[in-house]
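**Q** One structure follows; several queries about it will come next.
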Amino acid sequence: MISAPRSRVGGGGLSGLLLVALPVLLLLWLVLWPVLQAFVGTLYFPGKGFSAASYVYFFSDAYSLRNLWLTLWVTALTSILRVAAAMPIALYLRFRTGSIAALVQSLALFPLFVPSVLVAYAFIRVLGPNGIVDTLLVAVHLPKLPSPYLQPAGPIIGLVWEGLPLTLLLLLSGLGRVSTASVEAARDLGAGGVTIFTRIILPRIQSSIIVALAFNVLGLFSAFTLPYLLGPASPEMMGPYMQRTFSDNADPLNATTQAVITFAFCAAFGLIYVRAIAKGRKGLR
């Protein structure tokens, strides 16, 4: 009676391994192997031996460090703003139903279907110099506002709007663990909205928040289109910096070094994501 379930478990484990074998092989072939090749290619040079000169140059070059710092700053701020903007919408959609909630959800998910190039073009037409906002201000005889276009605020605004839907969906999945009965019981006991959020809701969605932040960081750190079209030319984020180093400067070695450094930062946040997923699974057992 005991051996039969064990054989079924073993068979299930084998079939599970077979199901994940192809994705794992693709990951090794398409991601990890090229990264390993790039890393070795920046350190070992046939006929010359090993050299870390490109990494020494990157971390001693003031312009490269400014680009890295700008990327870190934009990534951190944009990730926090995405979660802060998506949280109230997620709470509203979790505990409200009806036509208004459906409309709010449709509007919040709309950026999923808008390409980044169109987002950048709309941003320039609305908030750029002599855009719609400037035209309206001039029409009512008000002074023009400083445009965020070609400033660090430009890609931040565009990236927050573009990534809001995914962040919202991740938070909604976490809020699915919060039972309506527990919230209503807390209200019956006199708990306010802040108390309910901090004592009941937040502890249950911590892993979802971490996952949302990790996903945002992974996508933002190497973002290209919006930083390239809306951001400043100097300093610049790592995505445009890598492209300019490779194509404009014809310097594949330093471009590859920048890519390896970018991957290292993303891998660190990827580990945070994996740990959060593993912790969430343990909590469900």
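Chain labels follow the order of the structure tokens: the first chain is A, the next B, and so on; residue numbering restarts at 1 in every chain, and ligands are counted from 1 in their shown order.
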Any chance you could list, as a ChimeraX atom specification, the residues in region 21-67 of chain A that come up alpha helix (DSSP H) when DSSP is run on the backbone?
**A** /A:21-27,33-41,53-60,62-67
**Q** With N, CA and C atoms retained, could you export that selection as a CSV table (one decimal), in the first residue's frame?
**A**
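Below you can see result-v6.csv, which holds the result:
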```
chain,number,residue,atom,x,y,z
A,21,ALA,N,12.7,20.1,-19.0
A,21,ALA,CA,14.0,19.9,-19.6
A,21,ALA,C,14.2,20.8,-20.8
A,22,LEU,N,13.2,20.9,-21.7
A,22,LEU,CA,13.4,21.8,-22.9
A,22,LEU,C,13.5,23.3,-22.5
A,23,PRO,N,12.7,23.8,-21.7
A,23,PRO,CA,12.9,25.2,-21.3
A,23,PRO,C,14.3,25.5,-20.7
A,24,VAL,N,14.8,24.5,-19.8
A,24,VAL,CA,16.1,24.7,-19.2
A,24,VAL,C,17.2,24.6,-20.2
A,25,LEU,N,17.1,23.7,-21.2
A,25,LEU,CA,18.1,23.6,-22.3
A,25,LEU,C,18.1,24.9,-23.1
A,26,LEU,N,16.9,25.4,-23.4
A,26,LEU,CA,16.8,26.6,-24.2
A,26,LEU,C,17.5,27.8,-23.4
A,27,LEU,N,17.2,27.8,-22.1
A,27,LEU,CA,17.8,28.8,-21.2
A,27,LEU,C,19.4,28.7,-21.3
A,33,TRP,N,24.8,30.4,-22.1
A,33,TRP,CA,26.0,30.2,-22.9
A,33,TRP,C,26.5,31.4,-23.6
A,34,PRO,N,25.6,32.3,-24.2
A,34,PRO,CA,26.1,33.5,-24.7
A,34,PRO,C,26.7,34.4,-23.7
A,35,VAL,N,26.1,34.5,-22.5
A,35,VAL,CA,26.6,35.3,-21.4
A,35,VAL,C,28.0,34.8,-21.0
A,36,LEU,N,28.2,33.5,-20.9
A,36,LEU,CA,29.5,32.9,-20.5
A,36,LEU,C,30.5,33.3,-21.6
A,37,GLN,N,30.1,33.1,-22.9
A,37,GLN,CA,31.0,33.5,-24.0
A,37,GLN,C,31.4,35.0,-23.9
A,38,ALA,N,30.4,35.8,-23.6
A,38,ALA,CA,30.7,37.3,-23.6
A,38,ALA,C,31.7,37.5,-22.4
A,39,PHE,N,31.4,36.9,-21.2
A,39,PHE,CA,32.2,37.1,-20.1
A,39,PHE,C,33.7,36.7,-20.3
A,40,VAL,N,33.8,35.5,-20.9
A,40,VAL,CA,35.2,35.0,-21.2
A,40,VAL,C,35.8,35.9,-22.2
A,41,GLY,N,35.0,36.4,-23.2
A,41,GLY,CA,35.6,37.2,-24.3
A,41,GLY,C,36.1,38.5,-23.8
A,53,ALA,N,41.3,44.7,-18.3
A,53,ALA,CA,41.5,46.1,-18.6
A,53,ALA,C,40.1,46.8,-18.9
A,54,SER,N,39.2,46.1,-19.6
A,54,SER,CA,38.0,46.7,-19.9
A,54,SER,C,37.1,47.0,-18.7
A,55,TYR,N,37.2,46.1,-17.7
A,55,TYR,CA,36.4,46.3,-16.5
A,55,TYR,C,37.1,47.4,-15.6
A,56,VAL,N,38.4,47.4,-15.6
A,56,VAL,CA,39.1,48.5,-14.9
A,56,VAL,C,38.8,49.8,-15.5
A,57,TYR,N,38.7,49.9,-16.9
A,57,TYR,CA,38.3,51.1,-17.6
A,57,TYR,C,36.9,51.6,-17.2
A,58,PHE,N,36.0,50.6,-17.2
A,58,PHE,CA,34.6,51.0,-16.9
A,58,PHE,C,34.5,51.6,-15.5
A,59,PHE,N,35.0,50.9,-14.5
A,59,PHE,CA,34.8,51.4,-13.2
A,59,PHE,C,35.8,52.5,-12.8
A,60,SER,N,36.7,52.9,-13.7
A,60,SER,CA,37.5,54.1,-13.5
A,60,SER,C,37.1,55.3,-14.3
A,62,ALA,N,34.7,58.1,-15.4
A,62,ALA,CA,33.7,58.9,-14.8
A,62,ALA,C,32.4,58.9,-15.6
A,63,TYR,N,32.5,58.9,-16.9
A,63,TYR,CA,31.2,59.0,-17.7
A,63,TYR,C,30.5,57.6,-17.6
A,64,SER,N,31.2,56.5,-17.6
A,64,SER,CA,30.6,55.2,-17.5
A,64,SER,C,29.9,55.1,-16.1
A,65,LEU,N,30.6,55.5,-15.1
A,65,LEU,CA,30.0,55.5,-13.7
A,65,LEU,C,28.7,56.4,-13.6
A,66,ARG,N,28.8,57.5,-14.3
A,66,ARG,CA,27.6,58.4,-14.3
A,66,ARG,C,26.4,57.7,-15.0
A,67,ASN,N,26.7,57.0,-16.1
A,67,ASN,CA,25.6,56.2,-16.8
A,67,ASN,C,25.1,55.1,-15.9
```
**Q** Excluding region 208-220 of chain A and any residue of its chain fewer than 4 positions from it, enumerate the residues within 10 Å of it, using only C-alpha atoms, and give them as a ChimeraX atom specification.
**A** /A:71-72,74-76,78-80,82-83,87,156,159-160,163-164,166-175,202,204,224,227,237-239,262-263,265-277,280
**Q** Using only C-alpha atoms, which residues sit within 10 Å of Phe123 (chain A) once same-chain residues fewer than 4 positions away are excluded, as number ranges by chain?
**A** A: 117-119, 127-128, 131-132, 148-149, 154-155, 157-158, 226, 229-230
**Q** Mind checking which residues fall within 9 Å of Ala186 (chain A), counting only C-alpha atoms, ignoring those fewer than 4 positions away in the same chain, and posting them as a ChimeraX atom specification?
**A** /A:181-182,190-192,195-196,200
**Q** Mind dumping the selected residues with N, CA and C atoms as a PDB file, in the first residue's frame?
**A**
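Saved result, selection.pdb, follows:
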```
ATOM      1  N   ALA A 181     -13.476  37.881   3.803  1.00  0.00           N
ATOM      2  CA  ALA A 181     -14.009  37.663   5.151  1.00  0.00           C
ATOM      3  C   ALA A 181     -13.099  38.242   6.226  1.00  0.00           C
ATOM      4  N   SER A 182     -11.778  38.088   6.053  1.00  0.00           N
ATOM      5  CA  SER A 182     -10.862  38.625   7.055  1.00  0.00           C
ATOM      6  C   SER A 182     -10.891  40.144   7.070  1.00  0.00           C
ATOM      7  N   GLY A 190     -13.663  47.353  14.177  1.00  0.00           N
ATOM      8  CA  GLY A 190     -13.322  48.762  14.263  1.00  0.00           C
ATOM      9  C   GLY A 190     -12.002  49.157  13.638  1.00  0.00           C
ATOM     10  N   ALA A 191     -11.365  48.267  12.897  1.00  0.00           N
ATOM     11  CA  ALA A 191     -10.085  48.591  12.273  1.00  0.00           C
ATOM     12  C   ALA A 191     -10.304  49.536  11.096  1.00  0.00           C
ATOM     13  N   GLY A 192      -9.424  50.516  10.974  1.00  0.00           N
ATOM     14  CA  GLY A 192      -9.497  51.459   9.879  1.00  0.00           C
ATOM     15  C   GLY A 192      -8.801  50.934   8.638  1.00  0.00           C
ATOM     16  N   THR A 195      -4.975  50.380   9.092  1.00  0.00           N
ATOM     17  CA  THR A 195      -4.699  49.192   9.906  1.00  0.00           C
ATOM     18  C   THR A 195      -4.945  47.914   9.115  1.00  0.00           C
ATOM     19  N   ILE A 196      -6.024  47.875   8.365  1.00  0.00           N
ATOM     20  CA  ILE A 196      -6.328  46.693   7.558  1.00  0.00           C
ATOM     21  C   ILE A 196      -5.229  46.461   6.523  1.00  0.00           C
ATOM     22  N   ILE A 200      -3.223  43.240   7.697  1.00  0.00           N
ATOM     23  CA  ILE A 200      -3.856  42.087   7.045  1.00  0.00           C
ATOM     24  C   ILE A 200      -3.396  41.927   5.603  1.00  0.00           C
TER      25      ILE A 200
END
```
**Q** At what distance in Å, to one decimal, does CA of Asp188 (chain A) lie from CA of Leu93 (chain A)?
**A** 21.5 Å
**Q** Between CA of Glu162 (chain A) and CA of Pro111 (chain A), measure the distance and give it in Å to one decimal.
**A**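 Distance reported for this atom pair: 5.6 Å.
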**Q** Between CA of Tyr241 (chain A) and CA of Ile124 (chain A), what is the distance, to one decimal in Å?
**A** 21.5 Å
**Q** I'd like to know which of A:Arg94, A:Ser207, A:Val178, A:Val114 is closest to Ala278 (chain A), using only C-alpha atoms.
**A**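 Residue with the minimum atom-to-atom distance to Ala278 (chain A): A:Ser207.
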**Q** Can you pull out every residue within 12 Å of Asp134 (chain A), counting only C-alpha atoms, but drop anything in the same chain fewer than 6 positions away, and send it as a PyMOL selection string?
**A** chain A and resi 124-128+140-147
**Q** Create the file for the chosen residues now, containing C-alpha atoms and written as a compact mmCIF listing (two decimals), in the first residue's frame.
**A**
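selection.txt written:
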```txt
# COMPACT_ATOMS: atom_id res chain seq x y z
CA ILE A 124 6.82 64.36 -27.17
CA ARG A 125 3.60 65.69 -28.68
CA VAL A 126 2.02 66.32 -25.28
CA LEU A 127 4.86 67.21 -22.90
CA GLY A 128 7.66 68.13 -25.29
CA VAL A 140 -4.41 81.17 -21.47
CA HIS A 141 -1.39 83.49 -21.03
CA LEU A 142 0.43 81.32 -18.51
CA PRO A 143 4.19 80.73 -18.47
CA LYS A 144 5.51 77.57 -20.03
CA LEU A 145 6.51 74.69 -17.77
CA PRO A 146 9.97 73.08 -17.98
CA SER A 147 9.61 70.10 -20.27
```
**Q** Rank nothing, just name the residue among A:Ala52, A:Val194, A:Leu107, A:Leu91 nearest to Thr257 (chain A), using only C-alpha atoms.
**A**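 Between A:Ala52, A:Val194, A:Leu107, A:Leu91, the residue approaching Thr257 (chain A) most closely is A:Ala52.
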**Q** Restricting the calculation to only C-alpha atoms: of A:Ser222, A:Asn249, A:Gln243, A:Ser51, which residue gets closest to Ala264 (chain A)?
**A**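 With only C-alpha atoms as the atom set, the closest residue is A:Ser222.
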